[in-house]
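> File model.csv below, CSV, C-alpha atoms:
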```
chain,number,residue,atom,x,y,z
A,1,MET,CA,-4.9,-1.9,23.6
A,2,ASN,CA,-2.8,-3.0,26.6
A,3,ARG,CA,-3.5,-5.8,29.1
A,4,GLN,CA,-5.1,-3.4,31.6
A,5,ASP,CA,-7.5,-2.0,29.0
A,6,TYR,CA,-8.5,-5.6,27.9
A,7,ARG,CA,-9.1,-6.6,31.5
A,8,ALA,CA,-11.3,-3.5,32.1
A,9,ALA,CA,-13.2,-4.2,28.9
A,10,PHE,CA,-13.8,-7.8,29.9
A,11,ASP,CA,-15.0,-6.8,33.3
A,12,ALA,CA,-17.4,-4.4,31.8
A,13,VAL,CA,-19.2,-7.1,29.8
A,14,ALA,CA,-22.6,-7.8,31.4
A,15,PHE,CA,-24.1,-11.3,31.3
A,16,SER,CA,-27.5,-12.4,32.6
A,17,PRO,CA,-27.4,-14.2,36.0
A,18,ASP,CA,-28.2,-17.6,34.6
A,19,PHE,CA,-25.9,-17.2,31.6
A,20,GLU,CA,-23.4,-19.9,32.9
A,21,GLU,CA,-26.1,-22.3,33.9
A,22,ARG,CA,-27.9,-22.0,30.5
A,23,THR,CA,-24.7,-22.4,28.6
A,24,LEU,CA,-23.7,-25.5,30.5
A,25,GLN,CA,-27.2,-27.0,30.0
A,26,ARG,CA,-26.9,-26.5,26.3
A,27,LEU,CA,-23.5,-28.0,26.1
A,28,ALA,CA,-24.6,-31.0,28.2
A,29,ALA,CA,-27.6,-31.5,25.9
A,30,ALA,CA,-25.3,-31.3,22.8
A,31,ARG,CA,-22.9,-33.8,24.4
A,32,GLN,CA,-25.7,-36.3,25.1
A,33,ALA,CA,-27.1,-36.0,21.6
A,34,SER,CA,-23.7,-36.5,20.1
A,35,GLU,CA,-22.9,-39.5,22.3
A,36,LYS,CA,-26.2,-41.1,21.5
A,37,GLU,CA,-25.7,-40.7,17.8
A,38,GLN,CA,-22.2,-41.9,17.7
A,39,ASN,CA,-22.7,-44.7,20.3
A,40,LYS,CA,-19.1,-44.7,21.2
A,41,MET,CA,-18.8,-44.8,25.0
A,42,SER,CA,-15.1,-45.0,24.9
A,43,MET,CA,-14.9,-41.4,23.5
A,44,ASN,CA,-16.9,-39.8,26.3
A,45,ARG,CA,-13.9,-38.2,28.0
A,46,MET,CA,-12.5,-36.8,24.8
A,47,LYS,CA,-15.9,-35.4,23.7
A,48,LYS,CA,-16.4,-33.8,27.1
A,49,THR,CA,-13.0,-32.2,26.9
A,50,ALA,CA,-13.7,-30.9,23.4
A,51,LEU,CA,-17.0,-29.4,24.5
A,52,LEU,CA,-15.5,-27.7,27.5
A,53,ALA,CA,-12.8,-26.2,25.2
A,54,ALA,CA,-15.5,-25.1,22.8
A,55,ALA,CA,-17.3,-23.4,25.7
A,56,ALA,CA,-14.2,-21.6,26.7
A,57,ALA,CA,-13.5,-20.5,23.1
A,58,ALA,CA,-17.1,-19.3,22.7
A,59,LEU,CA,-16.8,-17.3,26.0
A,60,LEU,CA,-13.5,-15.8,24.9
A,61,ALA,CA,-14.9,-14.9,21.5
A,62,VAL,CA,-17.8,-13.1,23.1
A,63,THR,CA,-15.5,-11.1,25.5
A,64,VAL,CA,-12.9,-10.3,22.9
A,65,SER,CA,-15.4,-9.1,20.3
A,66,ALA,CA,-16.9,-6.9,23.0
A,67,ALA,CA,-13.5,-5.5,23.9
A,68,VAL,CA,-12.0,-4.9,20.5
A,69,ALA,CA,-13.9,-2.8,18.0
A,70,TRP,CA,-11.9,-1.8,14.9
A,71,LEU,CA,-13.2,1.0,12.8
A,72,THR,CA,-14.8,-0.3,9.6
A,73,PRO,CA,-13.7,1.1,6.2
A,74,ALA,CA,-17.0,3.1,6.1
A,75,GLN,CA,-16.2,4.6,9.5
A,76,VAL,CA,-12.7,5.4,8.4
A,77,ALA,CA,-14.1,7.3,5.4
A,78,ASP,CA,-16.5,9.1,7.7
A,79,ARG,CA,-13.6,10.1,10.0
A,80,VAL,CA,-11.8,11.8,7.0
A,81,GLU,CA,-15.1,13.5,5.9
A,82,GLU,CA,-15.7,11.4,2.8
A,83,PRO,CA,-19.5,10.7,3.1
A,84,LEU,CA,-19.9,9.4,-0.5
A,85,LEU,CA,-17.0,7.0,0.0
A,86,ALA,CA,-18.4,5.8,3.4
A,87,GLU,CA,-21.6,5.0,1.6
A,88,ALA,CA,-19.7,3.1,-1.1
A,89,PHE,CA,-17.9,1.0,1.5
A,90,GLN,CA,-21.3,-0.2,2.6
A,91,GLY,CA,-22.5,-1.0,-0.9
A,92,ASP,CA,-22.6,-4.3,-2.8
A,93,ASP,CA,-19.4,-3.5,-4.7
A,94,ALA,CA,-17.3,-3.1,-1.6
A,95,ILE,CA,-15.0,-6.0,-0.5
A,96,VAL,CA,-14.4,-6.6,3.2
A,97,LEU,CA,-11.1,-8.5,3.7
A,98,ASP,CA,-9.6,-8.0,7.2
A,99,GLU,CA,-6.5,-9.9,6.0
A,100,SER,CA,-3.5,-9.4,8.3
A,101,MET,CA,0.3,-9.9,7.9
A,102,THR,CA,3.3,-9.0,10.1
A,103,ALA,CA,6.1,-6.9,8.9
A,104,GLY,CA,8.9,-6.3,11.4
A,105,ASP,CA,7.4,-4.6,14.4
A,106,TYR,CA,4.0,-4.1,12.8
A,107,GLN,CA,0.8,-6.0,12.1
A,108,ILE,CA,-0.7,-4.7,8.9
A,109,THR,CA,-4.3,-5.4,8.0
A,110,LEU,CA,-6.0,-4.8,4.7
A,111,ALA,CA,-9.5,-4.0,6.0
A,112,GLY,CA,-11.4,-3.5,2.7
A,113,MET,CA,-11.5,-1.9,-0.7
A,114,VAL,CA,-13.9,-0.5,-3.3
A,115,SER,CA,-13.5,0.9,-6.8
A,116,GLY,CA,-15.6,3.2,-8.9
A,117,GLU,CA,-16.2,6.7,-10.3
A,118,ASP,CA,-17.1,9.8,-8.3
A,119,LEU,CA,-16.9,8.0,-4.9
A,120,SER,CA,-15.1,10.9,-3.2
A,121,VAL,CA,-14.1,14.5,-3.5
A,122,PRO,CA,-12.4,15.0,-6.9
A,123,THR,CA,-8.6,14.8,-6.6
A,124,ASP,CA,-6.4,17.1,-8.7
A,125,TYR,CA,-3.2,15.2,-9.5
A,126,ASN,CA,-0.6,17.2,-11.4
A,127,GLY,CA,-3.4,19.2,-13.0
A,128,GLU,CA,-5.5,16.2,-13.9
A,129,ILE,CA,-8.8,15.3,-12.3
A,130,ILE,CA,-9.0,11.5,-11.9
A,131,SER,CA,-12.4,10.6,-10.6
A,132,ASP,CA,-12.4,6.8,-11.4
A,133,ARG,CA,-10.3,5.4,-8.5
A,134,THR,CA,-9.6,2.4,-6.2
A,135,TYR,CA,-9.9,3.0,-2.5
A,136,ALA,CA,-8.4,0.7,0.2
A,137,VAL,CA,-8.4,1.0,4.0
A,138,PHE,CA,-5.4,-0.4,6.0
A,139,ARG,CA,-4.8,-0.7,9.7
A,140,VAL,CA,-1.3,-0.6,11.2
A,141,ALA,CA,-0.7,-1.7,14.8
A,142,ARG,CA,2.3,-2.8,16.7
A,143,ALA,CA,2.8,-6.6,16.7
A,144,ASP,CA,3.4,-6.6,20.5
A,145,GLY,CA,0.2,-4.8,21.2
A,146,ALA,CA,1.7,-1.5,22.4
A,147,PRO,CA,-0.1,1.6,21.2
A,148,LEU,CA,1.3,3.6,18.3
A,149,THR,CA,1.7,7.3,19.0
A,150,ASP,CA,3.5,8.3,15.7
A,151,TYR,CA,3.5,7.2,12.1
A,152,PRO,CA,6.2,4.6,11.1
A,153,ASP,CA,8.2,5.2,7.9
A,154,LEU,CA,6.2,3.0,5.6
A,155,SER,CA,5.4,3.3,2.0
A,156,TYR,CA,2.1,2.2,0.4
A,157,SER,CA,2.1,1.2,-3.3
A,158,PRO,CA,0.1,-1.0,-5.7
A,159,LEU,CA,2.2,-3.2,-8.1
A,160,VAL,CA,1.1,-5.3,-11.0
A,161,ASP,CA,2.6,-8.6,-12.1
A,162,GLY,CA,3.9,-8.3,-15.6
A,163,TYR,CA,4.8,-4.6,-15.4
A,164,HIS,CA,8.0,-3.0,-14.2
A,165,VAL,CA,7.7,-1.9,-10.5
A,166,SER,CA,9.1,1.5,-11.5
A,167,CYS,CA,6.3,2.0,-14.1
A,168,VAL,CA,3.1,0.9,-12.2
A,169,ASN,CA,3.2,2.1,-8.6
A,170,ALA,CA,1.8,4.7,-6.2
A,171,TRP,CA,3.9,7.5,-7.8
A,172,THR,CA,2.6,7.0,-11.3
A,173,LEU,CA,-1.0,6.1,-10.4
A,174,GLY,CA,-1.8,9.4,-8.9
A,175,THR,CA,-2.0,8.3,-5.2
A,176,THR,CA,-3.3,10.2,-2.2
A,177,THR,CA,-3.4,8.9,1.4
A,178,GLN,CA,-5.2,10.1,4.5
A,179,GLN,CA,-4.1,8.8,7.9
A,180,PHE,CA,-5.0,9.2,11.6
A,181,ILE,CA,-4.3,7.4,14.8
A,182,GLU,CA,-7.1,6.2,17.1
A,183,ASP,CA,-6.7,4.0,20.2
A,184,GLY,CA,-3.1,3.4,19.3
A,185,VAL,CA,-3.8,2.1,15.8
A,186,ILE,CA,-3.1,3.8,12.5
A,187,TYR,CA,-5.9,3.9,10.0
A,188,CYS,CA,-4.9,4.7,6.4
A,189,LEU,CA,-7.3,5.5,3.5
A,190,PHE,CA,-5.4,5.0,0.3
A,191,ASP,CA,-6.6,5.9,-3.2
A,192,CYS,CA,-5.3,5.8,-6.7
A,193,ARG,CA,-6.4,5.4,-10.3
A,194,ASN,CA,-8.9,2.5,-10.7
A,195,LEU,CA,-6.8,-0.7,-10.5
A,196,GLU,CA,-9.5,-2.8,-12.1
A,197,MET,CA,-8.0,-2.1,-15.6
A,198,PHE,CA,-5.2,-4.5,-14.5
A,199,ALA,CA,-7.5,-7.2,-13.2
A,200,ASP,CA,-6.4,-9.8,-15.7
A,201,HIS,CA,-3.0,-9.7,-13.9
A,202,PRO,CA,-2.3,-10.4,-10.3
A,203,VAL,CA,-2.4,-7.0,-8.6
A,204,ARG,CA,-0.3,-6.7,-5.4
A,205,PHE,CA,-0.4,-4.0,-2.7
A,206,ALA,CA,2.9,-3.5,-1.0
A,207,ILE,CA,3.4,-1.8,2.4
A,208,TYR,CA,7.2,-1.6,3.1
A,209,GLU,CA,10.1,0.3,4.4
A,210,GLY,CA,11.6,2.2,1.5
A,211,GLY,CA,10.9,4.8,-1.2
A,212,VAL,CA,9.9,4.6,-4.8
A,213,PRO,CA,9.6,1.0,-6.0
A,214,ASN,CA,12.7,-0.2,-7.8
A,215,THR,CA,14.7,-3.4,-8.4
A,216,ASP,CA,16.6,-3.0,-5.1
A,217,LEU,CA,13.3,-3.4,-3.2
A,218,PHE,CA,11.4,-5.8,-5.4
A,219,SER,CA,12.3,-8.7,-7.7
A,220,MET,CA,10.5,-9.8,-10.8
A,221,ALA,CA,10.4,-13.4,-11.9
A,222,GLU,CA,10.5,-14.5,-15.5
A,223,ASP,CA,6.7,-14.8,-15.6
A,224,GLY,CA,6.3,-11.3,-14.2
A,225,THR,CA,5.6,-12.2,-10.6
A,226,ILE,CA,6.7,-9.5,-8.2
A,227,SER,CA,8.0,-10.2,-4.7
A,228,LEU,CA,9.8,-8.3,-1.9
A,229,ARG,CA,13.6,-8.7,-1.6
A,230,GLU,CA,14.6,-10.7,1.4
A,231,ASN,CA,16.2,-7.7,3.1
A,232,VAL,CA,13.1,-5.5,2.8
A,233,VAL,CA,10.7,-5.2,5.7
A,234,GLY,CA,7.2,-5.3,4.3
A,235,VAL,CA,4.2,-7.2,3.2
A,236,LEU,CA,2.5,-7.9,-0.2
A,237,PHE,CA,-1.2,-8.3,-0.3
A,238,THR,CA,-2.9,-9.7,-3.5
A,239,LEU,CA,-6.1,-7.7,-4.3
A,240,PRO,CA,-9.2,-9.7,-5.1
A,241,LEU,CA,-10.2,-7.8,-8.2
A,242,ASP,CA,-12.9,-9.1,-10.6
A,243,GLU,CA,-11.1,-10.2,-13.8
A,244,SER,CA,-14.1,-9.5,-15.9
A,245,ARG,CA,-13.6,-5.8,-15.2
A,246,ALA,CA,-10.1,-5.8,-16.7
A,247,ASP,CA,-9.4,-3.3,-19.5
A,248,PRO,CA,-6.2,-4.3,-21.3
A,249,ALA,CA,-6.4,-1.3,-23.7
A,250,ALA,CA,-6.7,1.2,-20.9
A,251,ALA,CA,-3.8,-0.6,-19.0
A,252,LYS,CA,-1.6,-0.4,-22.1
A,253,ALA,CA,-2.5,3.3,-22.7
A,254,PHE,CA,-1.6,4.1,-19.1
A,255,VAL,CA,1.8,2.4,-19.0
A,256,GLU,CA,2.7,4.0,-22.4
A,257,SER,CA,1.6,7.4,-21.1
A,258,THR,CA,4.1,7.2,-18.3
A,259,GLY,CA,7.0,7.2,-20.8
A,260,LEU,CA,8.8,4.7,-18.6
A,261,PHE,CA,10.2,1.3,-19.3
A,262,TRP,CA,7.3,-0.9,-18.4
A,263,GLU,CA,8.3,-4.5,-19.2
A,264,PRO,CA,9.6,-6.5,-16.1
A,265,VAL,CA,13.3,-7.1,-15.7
A,266,THR,CA,14.4,-10.3,-14.0
A,267,ASP,CA,17.4,-10.6,-11.7
A,268,ALA,CA,19.2,-12.6,-14.5
A,269,GLU,CA,18.7,-9.7,-16.9
A,270,LEU,CA,19.9,-7.2,-14.3
A,271,ALA,CA,23.0,-9.3,-13.8
A,272,GLU,CA,23.7,-9.3,-17.6
A,273,GLN,CA,23.3,-5.5,-17.7
A,274,GLU,CA,25.7,-5.1,-14.8
A,275,ALA,CA,28.2,-7.5,-16.5
A,276,ALA,CA,27.9,-5.6,-19.7
A,277,GLY,CA,28.7,-2.3,-17.9
A,278,SER,CA,25.8,-0.1,-17.0
A,279,ASP,CA,27.6,3.2,-17.6
A,280,THR,CA,24.9,5.1,-19.6
A,281,LEU,CA,21.5,6.4,-18.6
A,282,GLU,CA,19.9,4.1,-21.2
A,283,ALA,CA,21.6,1.1,-19.8
A,284,LEU,CA,20.5,2.0,-16.3
A,285,CYS,CA,17.0,3.2,-17.0
A,286,GLY,CA,16.0,1.6,-20.3
A,287,VAL,CA,15.3,3.0,-23.7
A,288,ASN,CA,12.6,5.4,-22.3
A,289,TYR,CA,15.1,7.0,-19.9
A,290,ARG,CA,14.4,10.6,-21.1
A,291,PRO,CA,10.8,10.9,-20.0
A,292,TYR,CA,11.5,9.0,-16.8
A,293,ILE,CA,14.3,11.4,-15.8
A,294,VAL,CA,12.3,14.5,-16.9
A,295,GLU,CA,9.2,13.5,-15.0
A,296,THR,CA,11.1,12.5,-11.9
A,297,ILE,CA,13.1,15.7,-11.7
A,298,THR,CA,10.0,17.8,-12.4
A,299,MET,CA,8.2,16.1,-9.6
A,300,GLN,CA,11.1,16.8,-7.3
A,301,MET,CA,11.1,20.4,-8.3
A,302,GLU,CA,7.4,20.7,-7.5
A,303,ASN,CA,7.9,19.1,-4.1
A,304,ARG,CA,10.9,21.4,-3.2
A,305,MET,CA,8.9,24.5,-4.2
A,306,GLU,CA,6.0,23.5,-1.9
A,307,LYS,CA,8.5,23.1,1.0
A,308,ASP,CA,10.5,26.2,0.3
A,309,PRO,CA,8.6,28.9,-1.5
A,310,GLU,CA,11.8,31.0,-1.8
A,311,ILE,CA,13.2,28.7,-4.4
A,312,VAL,CA,11.5,28.9,-7.8
A,313,TYR,CA,12.3,26.5,-10.6
A,314,PHE,CA,12.0,27.9,-14.1
A,315,PRO,CA,10.2,24.8,-15.7
A,316,ILE,CA,7.5,25.0,-13.0
A,317,GLN,CA,7.2,28.7,-12.9
A,318,GLU,CA,7.0,29.1,-16.7
A,319,ASP,CA,5.2,25.8,-17.3
A,320,ARG,CA,7.7,24.6,-19.8
A,321,PRO,CA,9.5,21.2,-20.1
A,322,LEU,CA,12.8,20.6,-18.3
A,323,THR,CA,14.5,20.0,-21.6
A,324,ASP,CA,14.1,23.7,-22.5
A,325,TYR,CA,16.6,24.4,-19.8
A,326,ALA,CA,18.9,21.4,-19.6
A,327,ALA,CA,19.7,18.6,-22.1
A,328,ILE,CA,18.6,15.1,-21.0
A,329,ASP,CA,20.3,12.8,-23.4
A,330,GLU,CA,23.5,10.7,-23.8
A,331,THR,CA,25.6,13.8,-23.0
A,332,THR,CA,24.0,14.3,-19.6
A,333,ALA,CA,26.6,14.0,-16.8
A,334,PHE,CA,25.6,11.8,-13.8
A,335,THR,CA,27.1,9.8,-11.0
A,336,LEU,CA,25.8,6.9,-8.8
A,337,ASP,CA,25.6,7.3,-5.1
A,338,GLU,CA,26.3,4.6,-2.5
A,339,HIS,CA,22.8,3.3,-2.9
A,340,GLY,CA,22.9,3.0,-6.7
A,341,ASN,CA,20.7,6.1,-7.2
A,342,ILE,CA,21.4,8.3,-10.3
A,343,VAL,CA,22.7,11.7,-9.3
A,344,ILE,CA,22.3,14.6,-11.8
A,345,THR,CA,23.7,18.0,-11.0
A,346,PHE,CA,22.6,21.2,-12.8
A,347,PRO,CA,25.1,24.1,-12.6
A,348,ALA,CA,23.9,27.3,-10.8
A,349,GLY,CA,21.4,29.3,-12.9
A,350,THR,CA,20.4,26.4,-15.1
A,351,VAL,CA,17.0,25.5,-13.6
A,352,THR,CA,16.6,28.2,-10.9
A,353,ASP,CA,18.3,31.5,-9.9
A,354,ALA,CA,22.0,31.3,-9.7
A,355,ALA,CA,21.8,32.6,-6.1
A,356,HIS,CA,20.5,29.1,-5.1
A,357,GLY,CA,23.7,27.4,-6.4
A,358,GLU,CA,23.9,24.2,-8.2
A,359,GLN,CA,20.9,21.9,-8.0
A,360,ILE,CA,21.3,18.2,-7.3
A,361,PHE,CA,18.6,15.6,-8.0
A,362,ARG,CA,18.7,11.9,-7.1
A,363,LEU,CA,16.7,9.4,-9.1
A,364,PRO,CA,16.2,5.7,-8.2
A,365,GLN,CA,17.1,3.3,-10.9
A,366,PRO,CA,14.0,1.7,-12.5
```
What does this structure look like when you write it as structure tokens?

Amino acid sequence: MNRQDYRAAFDAVAFSPDFEERTLQRLAAARQASEKEQNKMSMNRMKKTALLAAAAAALLAVTVSAAVAWLTPAQVADRVEEPLLAEAFQGDDAIVLDESMTAGDYQITLAGMVSGEDLSVPTDYNGEIISDRTYAVFRVARADGAPLTDYPDLSYSPLVDGYHVSCVNAWTLGTTTQQFIEDGVIYCLFDCRNLEMFADHPVRFAIYEGGVPNTDLFSMAEDGTISLRENVVGVLFTLPLDESRADPAAAKAFVESTGLFWEPVTDAELAEQEAAGSDTLEALCGVNYRPYIVETITMQMENRMEKDPEIVYFPIQEDRPLTDYAAIDETTAFTLDEHGNIVITFPAGTVTDAAHGEQIFRLPQP
């Protein structure tokens, strides 16, 4: 909201005719009582100044609260036609946060969150219905107060201390997002698998400029603590999950089901790998590199088919694993691009019709 809108909102606030007089009378009475109790006449001027400042702050708080009315998480859920979730955001299990941080040109606010089963319309993620989910509402506004008219290039992803950022993130947790702009502010409803299974670890929520979480964007300390790299524009919220709801067995089953290398890798270990010569897929991606590469390329194929129906990939069309068409092992040829991404090229006719030519896939290093 710009300065003119604020001024108009302030002017529209109606006060009773004797509001100022009654307010000053109350403040004067409070001042007298305070002075009598303290019996320190030498502090009269300081107290009077403090009281007048309090009066100004109170008046400002009244006018600002009247002028600014953010949508609540329940209202956001209503806007995207999720009545069950709107009700859940008003329930006892919902957490209202309104925690704000600044990232580059943006002020980002974690408004609230709630977790539970069957709180929204069922989501089909890669053929699996995941009804037990965590929902979070974020606001994104320009830090300078100017209204937003388009969506910035920001990624949203949960991360969990003690687990590799490439294993536990928005891409592996079956995420969906719904966004809209109202009064120059972006409202985002984010949901993914229920994060409470990780509640015995610090669970972060990253909003940042970049793609799939990897070690170029995030660092992992020896104790597993995750942080943003200094050159990455973004913020990290810590989610206030109830530790008593942690399910270590479910967390372990999940990370193992991804087929990805899940243990955190420190910068020192990354340096050792680089010094040793990271010239193999296993050295770059860990011992579980095969399922990581297969899953990542398969997801890219699905995305490409959605955008361009004319190209049909055999593994998707025939519902068969990628390895039925191309070997993913120590013999797989690859290169690294200027950003350190793994580039795998399949010759024409390998995974789709030869008429579409060779197919190139880029994979971020875990």
> Which of these residues is nearest to Arg133 of chain A, using only C-alpha atoms: A:Thr176, A:Ser100, A:Thr298, A:Ser257?
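Checking each of A:Thr176, A:Ser100, A:Thr298, A:Ser257 against Arg133 of chain A, counting only C-alpha atoms, the winner is A:Thr176.
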> Which of these residues is nearest to Phe237 of chain A, using all atoms listed in the file: A:Val160, A:Val255, A:Ile360, A:Ile344?
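Of the candidates, the smallest distance to Phe237 of chain A is held by A:Val160.
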> From (22.1, 7.9, -20.3), in the file's coordinates, out to 9 Å: which residues are reached, counting only C-alpha atoms? Answer as a PyMOL selection string.
chain A and resi 279-286+289-290+328-334
> To one decimal place in Å, what is the distance between atom CA of Ala143 of chain A and atom CA of Asp105 of chain A?
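A separation of 5.5 Å between them.
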> Residues at most 9 Å from segment 219-231 of chain A, counting all atoms listed in the file, excluding those fewer than 3 positions away in the same chain, as a list in words?
Leu159, Val160, Asp161, Gly162, Tyr163, His164, Val165, Pro202, Arg204, Ala206, Tyr208, Asn214, Thr215, Asp216, Gly234, Val235, Leu236, Glu263, Pro264, Val265, Thr266, Asp267 and Ala268 of chain A
> Quick one: everything within 7 Å of segment 173-175 of chain A, counting only C-alpha atoms, minus sequence neighbours fewer than 5 positions away in the same chain. Send it as a PDB file with C-alpha atoms, in the coordinates of the input.

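After the write, part.pdb holds the following:
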```pdb
ATOM      1  CA  TYR A 125      -3.200  15.200  -9.500  1.00  0.00           C
ATOM      2  CA  VAL A 168       3.100   0.900 -12.200  1.00  0.00           C
ATOM      3  CA  ASP A 191      -6.600   5.900  -3.200  1.00  0.00           C
ATOM      4  CA  CYS A 192      -5.300   5.800  -6.700  1.00  0.00           C
ATOM      5  CA  ARG A 193      -6.400   5.400 -10.300  1.00  0.00           C
TER       6      ARG A 193
END
```
> Extract, using only C-alpha atoms, all DNA, RNA and protein residues at most 12 Å from Arg142 of chain A, discarding same-chain residues fewer than 4 positions from it, and format them as a ChimeraX atom specification.
/A:1-2,101-109,146-152,183-186
